[in-house]
Amino acid sequence: KNKREIWRLNLVLSKVRAVARHLLTMEERDPRRIFQGQALMRRMIRYGVLEEDRQRLDYVLALKVENFMERRLQTIVFKRGLARSVHHARVLIRQKHIRVGRQIVDIPSFMVRVESQPHIEFALSSPFGGGRGGRVKRKSLAAKGGAGD
């Protein structure tokens, strides 16, 4: 949507890469490097930014902003076919039509974890998810019902 979101992801990426660079300067057998390195890898894999088979700090340094952008709720809603475009996905999310698990999420930049990705669907209260119809739908039903009497 706007540059501010890209700048924020750039900041996150630079912090992650800075930690990885710092860990690479340490001794390879250093317990702190091992512990913090594994924690960093686990976090990147949990968010789906890094693949399971790329568990090395070198791969963390190779990450790009696009890797983080792909994990945003807005992008995933569009890729799963719930929305016609990225812009439509953003509108659906802001209007509280999308839920992750049982929680309605209305923040397009929400970072989706790998384990919660299959649970992205329309909210139960949403007209798209089988909830009460929207304003136009209810009006047209009322007009049809009123004309028949």
# chains A, B, ... in the order shown; residues from 1 in each chain; ligands from 1
>>> residues_around(residues="stretch 71-74 of chain A", least_positions_apart="6", cutoff="10 Å", atoms="only C-alpha atoms", output="ChimeraX atom specification")
/A:1,47-49,83,85-94,98-100,105-114,117,120
>>> closest_atom_pairs(of="stretch 63-142 of chain A", to="stretch 9-13 of chain A", cutoff="8 Å", atoms="only C-alpha atoms", output="tab-separated table")
residue	atom	partner	partner_atom	distance
A:Leu63	CA	A:Leu13	CA	7.7
A:Lys64	CA	A:Leu13	CA	7.4
A:Val65	CA	A:Asn10	CA	6.3
A:Phe68	CA	A:Leu9	CA	7.0
A:Met69	CA	A:Leu9	CA	7.8
>>> write_last_selection(atoms="all heavy atoms", output="PDB file, in the first residue's frame")
ATOM      1  N   LEU A  63      18.538 -12.987   2.744  1.00  0.00           N
ATOM      2  CA  LEU A  63      17.114 -12.653   2.720  1.00  0.00           C
ATOM      3  C   LEU A  63      16.884 -11.273   2.112  1.00  0.00           C
ATOM      4  O   LEU A  63      17.716 -10.380   2.235  1.00  0.00           O
ATOM      5  CB  LEU A  63      16.537 -12.672   4.140  1.00  0.00           C
ATOM      6  CG  LEU A  63      16.347 -14.039   4.790  1.00  0.00           C
ATOM      7  CD1 LEU A  63      15.847 -13.871   6.210  1.00  0.00           C
ATOM      8  CD2 LEU A  63      15.378 -14.888   3.995  1.00  0.00           C
ATOM      9  N   LYS A  64      15.732 -11.114   1.475  1.00  0.00           N
ATOM     10  CA  LYS A  64      15.355  -9.834   0.873  1.00  0.00           C
ATOM     11  C   LYS A  64      14.008  -9.403   1.451  1.00  0.00           C
ATOM     12  O   LYS A  64      13.306 -10.187   2.079  1.00  0.00           O
ATOM     13  CB  LYS A  64      15.240  -9.988  -0.639  1.00  0.00           C
ATOM     14  CG  LYS A  64      16.561 -10.249  -1.321  1.00  0.00           C
ATOM     15  CD  LYS A  64      16.373 -10.244  -2.826  1.00  0.00           C
ATOM     16  CE  LYS A  64      17.674 -10.378  -3.560  1.00  0.00           C
ATOM     17  NZ  LYS A  64      18.303 -11.688  -3.395  1.00  0.00           N
ATOM     18  N   VAL A  65      13.647  -8.159   1.208  1.00  0.00           N
ATOM     19  CA  VAL A  65      12.366  -7.630   1.696  1.00  0.00           C
ATOM     20  C   VAL A  65      11.207  -8.418   1.093  1.00  0.00           C
ATOM     21  O   VAL A  65      10.176  -8.625   1.746  1.00  0.00           O
ATOM     22  CB  VAL A  65      12.226  -6.131   1.338  1.00  0.00           C
ATOM     23  CG1 VAL A  65      10.924  -5.570   1.841  1.00  0.00           C
ATOM     24  CG2 VAL A  65      13.370  -5.352   1.914  1.00  0.00           C
ATOM     25  N   PHE A  68       9.848 -11.237   3.168  1.00  0.00           N
ATOM     26  CA  PHE A  68       8.950 -10.823   4.239  1.00  0.00           C
ATOM     27  C   PHE A  68       7.594 -10.373   3.679  1.00  0.00           C
ATOM     28  O   PHE A  68       6.555 -10.621   4.283  1.00  0.00           O
ATOM     29  CB  PHE A  68       9.568  -9.692   5.066  1.00  0.00           C
ATOM     30  CG  PHE A  68      10.655 -10.164   5.997  1.00  0.00           C
ATOM     31  CD1 PHE A  68      11.980 -10.141   5.603  1.00  0.00           C
ATOM     32  CD2 PHE A  68      10.347 -10.629   7.259  1.00  0.00           C
ATOM     33  CE1 PHE A  68      12.981 -10.578   6.448  1.00  0.00           C
ATOM     34  CE2 PHE A  68      11.331 -11.063   8.114  1.00  0.00           C
ATOM     35  CZ  PHE A  68      12.650 -11.035   7.710  1.00  0.00           C
ATOM     36  N   MET A  69       7.619  -9.716   2.515  1.00  0.00           N
ATOM     37  CA  MET A  69       6.369  -9.239   1.905  1.00  0.00           C
ATOM     38  C   MET A  69       5.454 -10.409   1.526  1.00  0.00           C
ATOM     39  O   MET A  69       4.235 -10.280   1.583  1.00  0.00           O
ATOM     40  CB  MET A  69       6.670  -8.404   0.652  1.00  0.00           C
ATOM     41  CG  MET A  69       7.402  -7.115   0.913  1.00  0.00           C
ATOM     42  SD  MET A  69       6.442  -5.926   1.794  1.00  0.00           S
ATOM     43  CE  MET A  69       5.616  -5.115   0.461  1.00  0.00           C
TER      44      MET A  69
END
>>> select_by_dssp(residues="stretch 64-113 of chain A", states="alpha helix (DSSP H)", output="list in words")
Val65, Glu66, Asn67, Phe68, Met69, Leu73, Gln74, Thr75, Ile76, Val77, Phe78, Lys79, Val86, His87, His88, Ala89, Arg90, Val91, Leu92, Ile93 and Arg94 of chain A
>>> select_by_dssp(residues="chain A", states="strand (DSSP E or B)", output="list in words")
Arg72, Ile98, Arg99, Val100, Gln103, Ile104, Met111, Ile120, Glu121 and Phe122 of chain A
>>> closest_atom_pairs(of="stretch 45-116 of chain A", to="stretch 28-38 of chain A", cutoff="9 Å", atoms="only C-alpha atoms", output="CSV")
residue,atom,partner,partner_atom,distance
A:Gln55,CA,A:Gln38,CA,8.3
A:Arg56,CA,A:Gly37,CA,8.4
A:Leu57,CA,A:Gly37,CA,7.2
>>> write_last_selection(atoms="all heavy atoms", output="short mmCIF file (atom, residue, chain, number, x, y, z; two decimals), in the first residue's frame")
data_model
loop_
_atom_site.label_atom_id
_atom_site.label_comp_id
_atom_site.auth_asym_id
_atom_site.auth_seq_id
_atom_site.Cartn_x
_atom_site.Cartn_y
_atom_site.Cartn_z
N GLN A 55 19.09 -23.95 6.84
CA GLN A 55 19.33 -23.55 8.22
C GLN A 55 20.79 -23.15 8.45
O GLN A 55 21.51 -23.80 9.20
CB GLN A 55 18.93 -24.67 9.18
CG GLN A 55 17.44 -24.86 9.26
CD GLN A 55 17.04 -25.64 10.49
OE1 GLN A 55 17.74 -25.64 11.49
NE2 GLN A 55 15.92 -26.32 10.41
N ARG A 56 21.20 -22.07 7.78
CA ARG A 56 22.54 -21.53 8.00
C ARG A 56 22.45 -20.01 8.03
O ARG A 56 21.58 -19.42 7.40
CB ARG A 56 23.49 -21.98 6.88
CG ARG A 56 23.75 -23.48 6.93
CD ARG A 56 24.85 -23.94 6.01
NE ARG A 56 26.09 -23.23 6.28
CZ ARG A 56 26.94 -22.84 5.34
NH1 ARG A 56 26.69 -23.09 4.08
NH2 ARG A 56 28.05 -22.20 5.66
N LEU A 57 23.35 -19.40 8.76
CA LEU A 57 23.33 -17.94 8.89
C LEU A 57 23.58 -17.24 7.56
O LEU A 57 23.15 -16.12 7.35
CB LEU A 57 24.35 -17.50 9.94
CG LEU A 57 24.00 -17.85 11.38
CD1 LEU A 57 25.16 -17.55 12.30
CD2 LEU A 57 22.76 -17.11 11.82
#
>>> atom_distance(atom1="atom CA of A:Asn2", atom2="atom CA of A:Glu70")
15.6 Å
>>> residues_around(residues="A:Phe122", least_positions_apart="5", cutoff="9 Å", atoms="only C-alpha atoms", output="compact mmCIF listing (two decimals) with C-alpha atoms, in the first residue's frame")
# COMPACT_ATOMS: atom_id res chain seq x y z
CA LEU A 82 -10.00 -15.31 -1.52
CA LYS A 96 -13.04 -7.66 8.93
CA HIS A 97 -14.05 -10.34 6.43
CA ILE A 98 -10.91 -12.45 6.98
CA ARG A 99 -10.01 -14.62 9.96
CA VAL A 100 -6.87 -16.56 10.84
CA ILE A 104 -10.65 -11.99 12.95
CA PRO A 127 -21.44 -12.29 4.08
CA PHE A 128 -18.69 -14.11 2.16
CA GLY A 129 -18.39 -16.73 4.91
CA GLY A 130 -22.10 -17.55 5.13
>>> closest_residue(among="A:His22, A:His119, A:Arg8, A:Arg138", to="A:Arg80", atoms="only C-alpha atoms")
A:His119
>>> atom_distance(atom1="atom CA of A:Ile6", atom2="atom CA of A:Ala62")
17.5 Å
>>> atom_distance(atom1="atom CA of A:Gly134", atom2="atom CA of A:Glu121")
18.0 Å
>>> decode(residues="stretch 50-102 of chain A", atoms="C-alpha atoms", output="JSON list (two decimals), in the first residue's frame")
[["chain", "number", "residue", "atom", "x", "y", "z"],
["A", 50, "LEU", "CA", 13.39, -19.28, 5.44],
["A", 51, "GLU", "CA", 12.98, -22.85, 4.16],
["A", 52, "GLU", "CA", 13.63, -25.83, 6.45],
["A", 53, "ASP", "CA", 16.61, -27.02, 4.37],
["A", 54, "ARG", "CA", 18.41, -23.63, 4.55],
["A", 55, "GLN", "CA", 19.33, -23.55, 8.22],
["A", 56, "ARG", "CA", 22.54, -21.53, 8.00],
["A", 57, "LEU", "CA", 23.33, -17.94, 8.89],
["A", 58, "ASP", "CA", 24.55, -17.34, 5.34],
["A", 59, "TYR", "CA", 20.99, -17.85, 4.08],
["A", 60, "VAL", "CA", 19.71, -15.32, 6.64],
["A", 61, "LEU", "CA", 22.09, -12.74, 5.17],
["A", 62, "ALA", "CA", 20.70, -13.52, 1.71],
["A", 63, "LEU", "CA", 17.11, -12.65, 2.72],
["A", 64, "LYS", "CA", 15.35, -9.83, 0.87],
["A", 65, "VAL", "CA", 12.37, -7.63, 1.70],
["A", 66, "GLU", "CA", 10.32, -9.64, -0.81],
["A", 67, "ASN", "CA", 10.66, -12.72, 1.43],
["A", 68, "PHE", "CA", 8.95, -10.82, 4.24],
["A", 69, "MET", "CA", 6.37, -9.24, 1.90],
["A", 70, "GLU", "CA", 5.26, -12.71, 0.78],
["A", 71, "ARG", "CA", 4.32, -13.58, 4.37],
["A", 72, "ARG", "CA", 1.90, -10.67, 4.84],
["A", 73, "LEU", "CA", -1.78, -11.53, 5.27],
["A", 74, "GLN", "CA", -2.70, -9.27, 2.36],
["A", 75, "THR", "CA", -0.48, -11.21, -0.05],
["A", 76, "ILE", "CA", -1.54, -14.63, 1.23],
["A", 77, "VAL", "CA", -5.27, -13.80, 0.99],
["A", 78, "PHE", "CA", -4.74, -12.83, -2.65],
["A", 79, "LYS", "CA", -2.58, -15.89, -3.45],
["A", 80, "ARG", "CA", -5.13, -18.27, -1.90],
["A", 81, "GLY", "CA", -7.80, -16.87, -4.19],
["A", 82, "LEU", "CA", -10.00, -15.31, -1.52],
["A", 83, "ALA", "CA", -9.63, -11.91, -3.22],
["A", 84, "ARG", "CA", -9.49, -10.82, -6.84],
["A", 85, "SER", "CA", -6.47, -8.55, -6.38],
["A", 86, "VAL", "CA", -4.03, -7.42, -3.69],
["A", 87, "HIS", "CA", -6.08, -4.24, -3.31],
["A", 88, "HIS", "CA", -9.28, -6.26, -2.90],
["A", 89, "ALA", "CA", -7.51, -8.40, -0.31],
["A", 90, "ARG", "CA", -6.56, -5.29, 1.64],
["A", 91, "VAL", "CA", -10.16, -4.06, 1.62],
["A", 92, "LEU", "CA", -11.50, -7.45, 2.73],
["A", 93, "ILE", "CA", -9.03, -7.55, 5.61],
["A", 94, "ARG", "CA", -9.74, -3.97, 6.75],
["A", 95, "GLN", "CA", -13.50, -4.63, 6.63],
["A", 96, "LYS", "CA", -13.04, -7.66, 8.93],
["A", 97, "HIS", "CA", -14.05, -10.34, 6.43],
["A", 98, "ILE", "CA", -10.91, -12.45, 6.98],
["A", 99, "ARG", "CA", -10.01, -14.62, 9.96],
["A", 100, "VAL", "CA", -6.87, -16.56, 10.84],
["A", 101, "GLY", "CA", -7.93, -19.57, 12.86],
["A", 102, "ARG", "CA", -10.80, -18.32, 15.03]]
